[in-house]
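Visitor: Just dropping this structure here.
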Amino acid sequence: MRRRNFLALGSGAALGLIPHGSAMPFPFQDEKSKLKITGVRLVHTRPKRPVPAYEPAPGSWSTGGVEVANPMSIYPEYKAQRSLFMPDPGKLETFTVEISTDGGVKGYGSGGIAGGQIVVGHFTKLLIGEDPFNIERIWDILFRSSMYYGQAGVVPHAISGVDLALWDLIGNALGMPVYKLLGGETKARIPTYCTGNDIEQHIQFGYKRLKLAVPHGPADGREGLKKNTELVKHTRDLLGPDGDIMLDCWMALNEQYTIELAEMVAPYRVYWMEECLPPYDFEGFGRLRAAIKSTRIVGGEHVYFRYGFRQMLEHNAAAVWQPDIHWCGGLTELRRIAALASAYDIPVIPHAGGVQDCVHFTMATPNAPWSEMFMPPPGGPPEVYRRYEEDNQVSRGPEGIYMRPSDRPGFGWELDVV
C-alpha cells in the first residue's frame, strides 16, 4: 500500500469516518479469542472491602436531601428534592450485567436506569454464542436490532452496560487494564474536579476545581437569581482567585434566565455553565453560546449515541461535550464520540467520569483532559476518606486533585456477586 493511501486510511479511522464493517480493528482482534459467551445475567454486587457505614453530617449536599434546580422545579409539590418525582427505590433501577464465557472468564458492566430489562428481554439471545472479542460486531448487532424501538434513554442504557461488561471481560482474558487496550496512557495522571455543594469539605481535601449544583431556577424569580449568585460568590471567596468554578443547571433553566444568571456571576469567573436547557434543544444551546461570552456553555450528559452529538456539533451547541459512559452507548460509542469531537478540538469530559470504568477512557484519550469526581459525604470516619484516596489513586499537584485508573485487569473491579 502506498504511503499516501495508508495515511488517508489511518486518518479516516481516527476520526470515526470509516463505516461499520470497515473499521480498523483493535490490536487484540487480530487473533481468535477461542471464547464464546455462554451466560448473561443481571447481578447485584458489593465491594470486597466495604467502607464503614455512617450518618452524613446534617445538611450535607451529598445526601440528596437538599434542593437542586431541576426540570420539575416549576411544580411546588416536587420542588424540594429529586426523590419526590424520580422512581421509587427498587422500581426502575440502574443495573449491573455479568457476561460469562465457556473459558470461565467473566466481565461486569453497569448501565443506566431500566436498561436491564432490555438486556434480559432482548439482548441475551443475541449475545449467547458470540465471541466477546468481536466487540464492534456485537455493538452493531445490539444497536441495529433495537433501532426500531429505542434511540435514546433506556436502549442506550442497556447497550452501555453490555458493552462495558465486554471490555471488562476482554481485559480479564488478556490480563490487561482496559486503558492499555485502548492505546495506553496519554497523561501521567488525570486532573479532576469535584461536584457538589459541600464546598468547605472539597476545598479542604485539596480540590481546586468545583462544580456547584444550582439550587434555584426560573420559578424562584429574581430572589433565586440572587441566591444562586451568592453561592457562587461565597465559593469564589473560599476558593480564591485561581481555582475554577462550574455550574450544573441540570436542564432546569430557560434561555433568558441563563443569560441573566451568566451576567450576574460573571465577576466571579465561572468556567462553564452546564446543561442549562432541555438536552435536545440544540438550537437554544447554540443561541446561548452566541449570546454569552463570559463563560462556556457545555452539555451532553443526556445526549445519546454519536448521532446526538453530531447534532450538537451542527448547532455549535457546546464548548465541552459530557457524554456518560453508562448511558451514551458504552465505551465503544464513547470512543466514537470523542473521535468526532477531536476533529473540531472539542474537549470531552464525561459526566461522572471519575468512576472506575470511565477513567480508563480518559487516561487513553488525548482530548479528554479532566475527570469528574464525587466525594463521600462529610461526617464519616477517617477510613472512609483514606479509602477514597486509595481506591482512586489520588495525588495532589498544581491543578489540585489528580487520580488514575486501576492497573488490574479489565476495569479492575474488586466485587462480590450477591
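Please note that chains go A, B, ... in the order of the C-alpha cells, that every chain numbers its residues from 1, and that ligands are numbered from 1 in the order shown.
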Please identify which residues in range 171-229 of chain A DSSP calls helix (DSSP H, G or I) from the backbone, and express them as a PyMOL selection string.

Guide: chain A and resi 171-174+178-181+199-205+218-229

Visitor: Could I get the residues of range 248-303 of chain A with an atom no further than 12 Å from an atom of range 192-197 of chain A, each paired with its nearest atom pair and that distance in Å to one decimal, using only C-alpha atoms, sorted by chain and residue number, as CSV?

Guide:
residue,atom,partner,partner_atom,distance
A:Asp248,CA,A:Thr195,CA,8.6
A:Tyr271,CA,A:Tyr193,CA,11.7
A:Glu274,CA,A:Thr195,CA,11.9

Visitor: Between A:Arg336, A:Glu255, A:Arg310, A:Pro376, single out the one closest to Gln201 in chain A, counting only C-alpha atoms.

Guide: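 Checking each of A:Arg336, A:Glu255, A:Arg310, A:Pro376 against Gln201 in chain A, counting only C-alpha atoms, the winner is A:Pro376.
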
Visitor: Which residues are near Ala341 in chain A? Cut-off 12 Å, only C-alpha atoms, ignore same chain within fewer than 6 positions. Put them as a list in words.

Guide: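 That gives Ala14, Leu15, Gly16, Arg306, Phe309, Arg310, Gln311, Met312, Leu313, Glu314, Asn316, Ala318, Ala319, Val320, Trp321, Gln322, Pro323, Leu334, Arg335, Pro347, Val348, Ile349, Thr365, Pro366, Asn367 and Ala368 of chain A.
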
Visitor: Counting only C-alpha atoms, which residue out of A:Asp88, A:Glu200, A:Asp220, A:Glu136 sits closest to Asp237 in chain A?

Guide: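 Among the listed residues, A:Glu200 lies closest to Asp237 in chain A.
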
Visitor: Using only C-alpha atoms, tabulate the residues of range 254-364 of chain A lying at most 7 Å from any atom of range 403-407 of chain A, each with its closest atom pair and that distance in Å to one decimal, by chain and increasing residue number, as CSV.

Guide:
residue,atom,partner,partner_atom,distance
A:Gln356,CA,A:Pro405,CA,6.6
A:Val359,CA,A:Pro405,CA,5.6
A:His360,CA,A:Pro405,CA,5.8

Visitor: Which residues are near Pro71 in chain A? Cut-off 8 Å, only C-alpha atoms, ignore same chain within fewer than 6 positions. Put them as JSON, numbers by chain.

Guide: {"A": [250, 251, 252, 253]}

Visitor: One number please: CA of Met246 in chain A to CA of Tyr388 in chain A, in Å, one decimal.

Guide: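 Separation of CA of Met246 in chain A and CA of Tyr388 in chain A: 22.7 Å.
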
Visitor: Identify all residues of range 138-286 of chain A in strand (DSSP E) (DSSP on the backbone) and supply them as a ChimeraX atom specification.

Guide: /A:190-195,209-213,244-248,270-274

Visitor: Which neighbours of range 100-113 of chain A fall inside 7 Å, counting only C-alpha atoms, when residues of the same chain fewer than 2 positions from it are skipped, and could you give them as a list in words?

Guide: Leu35, Lys36, Ile37, Thr38, Gly39, Val40, Leu92, Glu93, Thr94, Phe95, Thr96, Val97, Glu98, Gly115, Val154, His157, Ala158, Ser160, Gly161, Val162, Leu164, Ala165, Leu166, Asp168, Leu169, Asn172, Ala173, His326 and Trp327 of chain A

Visitor: At what distance in Å, to one decimal, does CA of Leu239 in chain A lie from CA of Ala57 in chain A?

Guide: 21.6 Å

Visitor: Can you tell me how far CA of Arg209 in chain A sits from CA of Asp391 in chain A, in Å to one decimal?

Guide: 20.3 Å
